[in-house]
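Have a look at the structure below before the remarks.
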Amino acid sequence: MNGIGQDVWMAVVTCFAAIFTQNILLTTFLGMCPFTSVSREVKAAIGLGVAVVFVMTFTTVLNWLAYYWVLVPLKLEFFRFILFIIIIAAFVQFVEMVVDRYSPKLYQTLGIFLPLITVNCAILGTSLFMVIREHSFIVTIGYGFGSGVGWLLAILAMAGIRQRLNESRVPEGLRGPGITLIIAGLMALAFVGFTGVLS
Amino acid sequence: MKDKPWFAVAYMFVITVFFSTVLIGFARLTQDRVIANEQVMFERAVLESFPEIDVPPTPQVNQRFSELFKKSDDAAGAFVYLKDGQIAGYAVPLEGKGFWAPIRGVVGVSKDLTTILGISFYDQNETPGLGARITEADFREQFEGLTVGKIERPIGIRPPSVSPADNEVHAISGATQTCVRLEVLINEALSAWLEAMNGREVDDE
Amino acid sequence: MSKAPRDIMLDGLWRDNPIFRQILGICSTLAVTNVVLNTAVMCVSLTVVTMMSCLTVSLLRDWTPRNIRMMVQTLIIAFYVIIVDLILKAYWPEMSRNLGPFVGLIITNCIVMGRCEAFAGSNPPGPAVLDGMFNGLGYSFILLAIAVLRELLGMGTILGFEIPYFATPYWDKWIIMVMPPGGFFVLASILWVCRSIGAKEVKK
């Protein structure tokens, strides 16, 4: 029992670490593409962020199963890039169908973001990091969820700041993505401050 | 024909089979090298943990390793370094959690179990350019000559702004977390090993 | 439909540069831009993958059914990325370890997919390869510029060689440059410079 208890504790720590100290967007820059384009409105940011949390948690877990139960026994570890991306694409498609069928209202708010997620590097990146960091199954659950929440937090904060920026005067060449990156940099700086809180 | 549904399925199938076959073939071709690389990685780290040894190019690493090092039951998991048939030190494997992922390495300890001769890492996934610089010679060389098993003054890794005291080295700037964990990892591995050795030296006479 | 080779080159390198015009594909590489060598390897890998994927997509363009083309493209890109990953693992294991998952992330890099979809899918192989190559180069030169700045300001070295003045105690190393926030700041500054120059050109 002790082993499992320790694993759960590790999962909680990893989850918080993935949100704050090792935020996937602010420390490894993954998921930047939708980040710069969608972060204009708070509402859209929440929609995409929630979809990312959901998809990331489940695909990371599914990919863990696929990697350790299928690829490792077959010694086909190098196939993980293809398999992970297929699983992610299939999962997104599946969720889209389910949501469309049972909750048209949710589909209207979340649906448009789902296809964007397949090409979100943060999703694939989380799965690849999960393999490289040799996380156990329980830790993987915490890690996938935490990475998603971390991404949501970053994009939400960004959208809030950008809405206010609409009224400020920004140098011409810096408008749009330029200023977004500077804000992201400042946020990353703030998140560096979390380092050492968790160890 | 191109618009028929069966064509899309057949097409996808053919493409997948074709590319997978090429990939599997290619992986088979490189497999031996990849496996050899992984083995050599550890052996090279063992050689590097003793600065007096010249580390040969990759193809000869294995040979040099087996000439100089011997696994001994008396050494509590460490490899014994034999120079001209005499024990000259121990290569103690290290393993533990880094900032991101496990860090694995080797510490070279002198024959009388008191001094670190060198340190080397063969598996780490710290942040590139920051924590990953623990593998650079400049950082590793600082450990040479530190004292092992000083209870009151364990090995310390201090921030670059503080000048290191006795038994301490400079951390890598910007990689505080990696260094904090590395400090714990080295001290734990060494004290566990010393305890297992129980102060004895392996008999070579 | 057909574009002159000169236009393809100029578009990829400057006029439609994937990074500062379209802000595409920075994700997979920005994280390793604190060391020039790692960046260079990533840029070469990306350029090769883009070129080869464009070539393959272009060769298959007459047979690929439209509704599954995204799947086919992903498969082709993943194929080349795995090849690059295997080559690095076999012949340059240290680099492979340094780059960790970032080589694999080329698959989701929007540039590769974007060029396959926007250009290679409807053009003959020759121009498609050229387009892939110059988009890759346009991407590489910006990232290398970022890497040179970050390594120089943060560690006082370029490609590991100590640079006079920057490697001496006179230069107070900007550690923040090699940490993640530095990546954002340097990229933003480069965007600013390039866009300002670009805006002037348009006005003329």
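Residue numbers start at 1 in each chain; chains themselves are named A, B, ... in the order of the structure tokens; ligands are numbered from 1 in the order shown.
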Tell me, which residues of region 23-198 of chain B carry DSSP strand (DSSP E or B), written as a PyMOL selection string?
chain B and resi 69-71+79-83+86-97+102-110+115-123+147+156-158+168-170
Can you tell me, as a list of chain:residue names, what residues are no more than 8 Å from region 56-59 of chain B when counting only C-alpha atoms, ignoring any on the same chain fewer than 3 positions away?
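Counting only the stated atoms, we get B:Val40, B:Asn62, B:Arg64.
Nearest to chain C of all the residues B:Thr178, B:Ser66, B:Thr127, B:Thr114 is B:Thr127, based on only C-alpha atoms.
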Could you tell me which residues of chain B sit within 7 Å of chain C when counting only C-alpha atoms, and give me the result as a short mmCIF file (atom, residue, chain, number, x, y, z; two decimals) with C-alpha atoms, in the first residue's frame?
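This went into out-v6.cif:
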data_model
loop_
_atom_site.label_atom_id
_atom_site.label_comp_id
_atom_site.auth_asym_id
_atom_site.auth_seq_id
_atom_site.Cartn_x
_atom_site.Cartn_y
_atom_site.Cartn_z
CA LYS B 2 -10.19 8.31 -57.02
CA ASP B 3 -13.50 9.39 -55.49
CA ALA B 8 -9.33 6.11 -49.82
CA PHE B 19 6.16 3.64 -44.84
CA ALA B 27 15.30 0.77 -37.43
CA THR B 30 20.50 1.18 -36.88
CA ARG B 33 24.40 0.94 -33.16
CA VAL B 34 21.71 2.35 -30.87
CA ASN B 37 25.64 3.49 -27.94
CA ASN B 125 17.10 15.20 -19.31
CA PRO B 128 19.04 22.08 -22.44
CA GLY B 129 21.56 24.85 -21.89
CA SER B 173 23.67 29.69 -12.77
CA GLY B 174 20.03 29.44 -13.76
#
Which residues of chain C come within 9 Å of chain A, and for each one, what is the closest pair of atoms and their distance in Å to one decimal, counting only C-alpha atoms, sorted by chain and residue number, as CSV?
residue,atom,partner,partner_atom,distance
C:Phe20,CA,A:Pro177,CA,8.9
C:Ile23,CA,A:Cys33,CA,7.3
C:Leu24,CA,A:Cys33,CA,6.3
C:Gly25,CA,A:Cys33,CA,6.9
C:Ile26,CA,A:Met32,CA,7.1
C:Cys27,CA,A:Leu30,CA,4.9
C:Ser28,CA,A:Leu30,CA,6.6
C:Thr29,CA,A:Phe29,CA,8.4
C:Leu30,CA,A:Phe29,CA,6.5
C:Ala31,CA,A:Thr28,CA,5.0
C:Val32,CA,A:Thr28,CA,8.4
C:Met71,CA,A:Ile86,CA,8.8
C:Thr74,CA,A:Ile82,CA,8.3
C:Leu75,CA,A:Ile82,CA,7.0
C:Ala78,CA,A:Ile82,CA,5.9
C:Phe79,CA,A:Ile82,CA,7.8
C:Val81,CA,A:Phe81,CA,8.4
C:Ile82,CA,A:Phe78,CA,6.8
C:Asp85,CA,A:Phe78,CA,8.4
C:Leu86,CA,A:Phe78,CA,7.7
C:Gly100,CA,A:Ile132,CA,7.4
C:Pro101,CA,A:Leu128,CA,5.8
C:Phe102,CA,A:Gly125,CA,7.9
C:Gly104,CA,A:Phe81,CA,6.4
C:Leu105,CA,A:Gly125,CA,6.5
C:Ile106,CA,A:Cys121,CA,8.8
C:Ile107,CA,A:Phe81,CA,7.9
C:Thr108,CA,A:Cys121,CA,5.4
C:Asn109,CA,A:Cys121,CA,7.2
C:Cys110,CA,A:Val119,CA,7.6
C:Ile176,CA,A:Leu189,CA,8.6
C:Met179,CA,A:Thr27,CA,8.2
C:Pro180,CA,A:Thr27,CA,5.2
C:Pro181,CA,A:Gly185,CA,4.5
C:Gly182,CA,A:Gly185,CA,6.9
C:Gly183,CA,A:Gly185,CA,7.6
C:Phe184,CA,A:Gly185,CA,4.8
C:Phe185,CA,A:Ile182,CA,5.6
C:Val186,CA,A:Ile182,CA,8.9
C:Leu187,CA,A:Leu181,CA,7.4
C:Ala188,CA,A:Gly178,CA,4.9
C:Ser189,CA,A:Gly178,CA,7.5
C:Ile190,CA,A:Gly178,CA,8.9
C:Leu191,CA,A:Gly178,CA,6.2
C:Trp192,CA,A:Gly173,CA,4.9
C:Val193,CA,A:Gly173,CA,7.2
C:Cys194,CA,A:Gly173,CA,8.0
C:Arg195,CA,A:Gly173,CA,5.2
C:Ser196,CA,A:Gly173,CA,5.0
C:Ile197,CA,A:Gly173,CA,8.7
C:Gly198,CA,A:Gly173,CA,9.0
C:Ala199,CA,A:Gly173,CA,7.8
Just to confirm, what's the straight-line distance from CA of Ile35 (chain B) to CA of Ile15 (chain B) in Å (one decimal)?
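CA of Ile15 (chain B) lies at a distance of 29.2 Å from CA of Ile35 (chain B).
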All alpha helix (DSSP H) positions in region 48-174 of chain A, as a PyMOL selection string
chain A and resi 48-66+72-74+80-102+104-110+114-118+121-132+137-165
Give me the residues within 9 Å of Phe119 (chain C) as a list in words, counting only C-alpha atoms and dropping any in the same chain fewer than 2 places off.
Cys54, Ser58, Gly114, Arg115, Cys116, Glu117, Gly121, Ser122, Asn123, Pro127, Ala128, Asp131 and Gly132 of chain C
Would you put the residues from that selection into a file with N, CA, C and O atoms, as a short mmCIF file (atom, residue, chain, number, x, y, z; two decimals), in the first residue's frame?
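Below you can see part_14.cif, which holds the result:
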data_model
loop_
_atom_site.label_atom_id
_atom_site.label_comp_id
_atom_site.auth_asym_id
_atom_site.auth_seq_id
_atom_site.Cartn_x
_atom_site.Cartn_y
_atom_site.Cartn_z
N CYS C 54 7.61 17.77 -48.43
CA CYS C 54 7.02 18.49 -49.56
C CYS C 54 7.21 17.67 -50.84
O CYS C 54 6.28 17.56 -51.64
N SER C 58 4.14 16.15 -52.87
CA SER C 58 3.98 16.62 -54.24
C SER C 58 3.94 15.44 -55.22
O SER C 58 3.15 15.43 -56.16
N GLY C 114 1.93 23.16 -42.88
CA GLY C 114 1.43 24.31 -43.64
C GLY C 114 1.96 24.31 -45.07
O GLY C 114 1.21 24.53 -46.02
N ARG C 115 3.26 24.06 -45.25
CA ARG C 115 3.83 24.07 -46.61
C ARG C 115 3.29 22.91 -47.42
O ARG C 115 3.02 23.04 -48.62
N CYS C 116 3.13 21.74 -46.79
CA CYS C 116 2.60 20.59 -47.52
C CYS C 116 1.21 20.90 -48.02
O CYS C 116 0.86 20.63 -49.17
N GLU C 117 0.41 21.47 -47.13
CA GLU C 117 -0.99 21.72 -47.45
C GLU C 117 -1.12 22.89 -48.44
O GLU C 117 -1.86 22.80 -49.42
N GLY C 121 0.94 20.33 -52.09
CA GLY C 121 -0.20 19.52 -52.52
C GLY C 121 -0.72 19.88 -53.89
O GLY C 121 -1.47 19.11 -54.50
N SER C 122 -0.33 21.06 -54.41
CA SER C 122 -0.87 21.46 -55.70
C SER C 122 0.21 21.92 -56.66
O SER C 122 -0.07 22.63 -57.62
N ASN C 123 1.46 21.56 -56.38
CA ASN C 123 2.54 21.97 -57.26
C ASN C 123 3.46 20.80 -57.60
O ASN C 123 3.56 19.85 -56.83
N PRO C 127 9.42 22.78 -57.73
CA PRO C 127 9.10 23.95 -56.91
C PRO C 127 8.74 23.59 -55.47
O PRO C 127 9.06 24.35 -54.55
N ALA C 128 8.10 22.44 -55.28
CA ALA C 128 7.70 22.05 -53.92
C ALA C 128 8.92 21.89 -53.02
O ALA C 128 8.94 22.37 -51.89
N ASP C 131 10.38 25.29 -52.33
CA ASP C 131 9.55 26.01 -51.37
C ASP C 131 9.80 25.49 -49.96
O ASP C 131 9.99 26.27 -49.02
N GLY C 132 9.85 24.16 -49.82
CA GLY C 132 10.09 23.59 -48.50
C GLY C 132 11.44 24.02 -47.97
O GLY C 132 11.58 24.41 -46.81
#
Shell of 8 Å around Thr56 (chain C), only C-alpha atoms, local chain residues under 3 positions omitted, as a PyMOL selection string:
chain C and resi 52-53+59-60+76+125
Expected file: the selected residues, all heavy atoms, as a compact mmCIF listing (two decimals), in the first residue's frame:
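Everything below was put into selection09.txt:
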# COMPACT_ATOMS: atom_id res chain seq x y z
N MET C 52 11.78 17.07 -47.63
CA MET C 52 11.43 15.71 -48.03
C MET C 52 9.92 15.49 -47.99
O MET C 52 9.35 14.84 -48.89
CB MET C 52 12.13 14.68 -47.12
CG MET C 52 13.63 14.71 -47.20
SD MET C 52 14.25 14.65 -48.88
CE MET C 52 13.89 12.95 -49.29
N SER C 53 9.24 16.06 -46.99
CA SER C 53 7.80 15.88 -46.92
C SER C 53 7.13 16.57 -48.10
O SER C 53 6.21 16.03 -48.71
CB SER C 53 7.23 16.45 -45.62
OG SER C 53 7.96 16.01 -44.54
N LEU C 59 4.81 14.45 -54.98
CA LEU C 59 4.82 13.29 -55.88
C LEU C 59 3.51 12.52 -55.82
O LEU C 59 3.06 11.96 -56.81
CB LEU C 59 5.98 12.35 -55.51
CG LEU C 59 7.38 12.81 -55.90
CD1 LEU C 59 8.43 11.88 -55.32
CD2 LEU C 59 7.51 12.90 -57.41
N LEU C 60 2.91 12.48 -54.64
CA LEU C 60 1.70 11.69 -54.47
C LEU C 60 0.44 12.51 -54.74
O LEU C 60 -0.67 12.00 -54.58
CB LEU C 60 1.64 11.14 -53.03
CG LEU C 60 2.65 10.07 -52.65
CD1 LEU C 60 2.59 9.80 -51.17
CD2 LEU C 60 2.42 8.79 -53.44
N ILE C 76 3.35 11.03 -43.61
CA ILE C 76 4.60 11.28 -44.33
C ILE C 76 5.57 12.07 -43.45
O ILE C 76 6.75 11.73 -43.33
CB ILE C 76 4.32 12.03 -45.65
CG1 ILE C 76 3.58 11.12 -46.62
CG2 ILE C 76 5.61 12.54 -46.26
CD1 ILE C 76 3.02 11.82 -47.82
N PRO C 125 6.95 18.56 -58.12
CA PRO C 125 7.99 18.29 -57.13
C PRO C 125 9.10 19.34 -57.07
O PRO C 125 9.52 19.71 -55.97
CB PRO C 125 8.56 16.95 -57.57
CG PRO C 125 7.54 16.33 -58.42
CD PRO C 125 6.73 17.42 -59.02
Would you kindly report the residues of chain B within 7 Å of chain A, using only C-alpha atoms, as a PDB file with N, CA and C atoms, in the first residue's frame?
ATOM      1  N   TRP B 100      13.729  17.385 -13.926  1.00  0.00           N
ATOM      2  CA  TRP B 100      12.734  16.881 -14.867  1.00  0.00           C
ATOM      3  C   TRP B 100      12.614  15.367 -14.790  1.00  0.00           C
ATOM      4  N   ALA B 101      13.733  14.714 -14.921  1.00  0.00           N
ATOM      5  CA  ALA B 101      13.728  13.263 -15.095  1.00  0.00           C
ATOM      6  C   ALA B 101      14.905  12.690 -14.311  1.00  0.00           C
ATOM      7  N   PRO B 102      15.017  11.368 -14.246  1.00  0.00           N
ATOM      8  CA  PRO B 102      16.133  10.791 -13.498  1.00  0.00           C
ATOM      9  C   PRO B 102      17.492  11.261 -14.026  1.00  0.00           C
ATOM     10  N   GLN B 177      17.504  24.388  -9.367  1.00  0.00           N
ATOM     11  CA  GLN B 177      16.767  23.188  -8.977  1.00  0.00           C
ATOM     12  C   GLN B 177      17.553  21.913  -9.296  1.00  0.00           C
TER      13      GLN B 177
END
Would you pick out the contacts of region 49-60 of chain A at 6 Å or less, using only C-alpha atoms, so that residues sharing its chain but fewer than 4 positions from it are not included, and give the list as a list in words?
Ala45, Ile88, Ile123, Ser127, Gly144, Phe145, Gly148, Val149 and Leu152 of chain A
May I have the residues within 9 Å of region 134-141 of chain B as a list in words, using only C-alpha atoms and disregarding those fewer than 6 positions away in the same chain?
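So the residues in contact are Pro51, Gly118, Ile119, Ser120, Phe121, Tyr122, Gln124, Glu126, Val169, His170, Ala171, Ile172, Thr178 and Cys179 of chain B.
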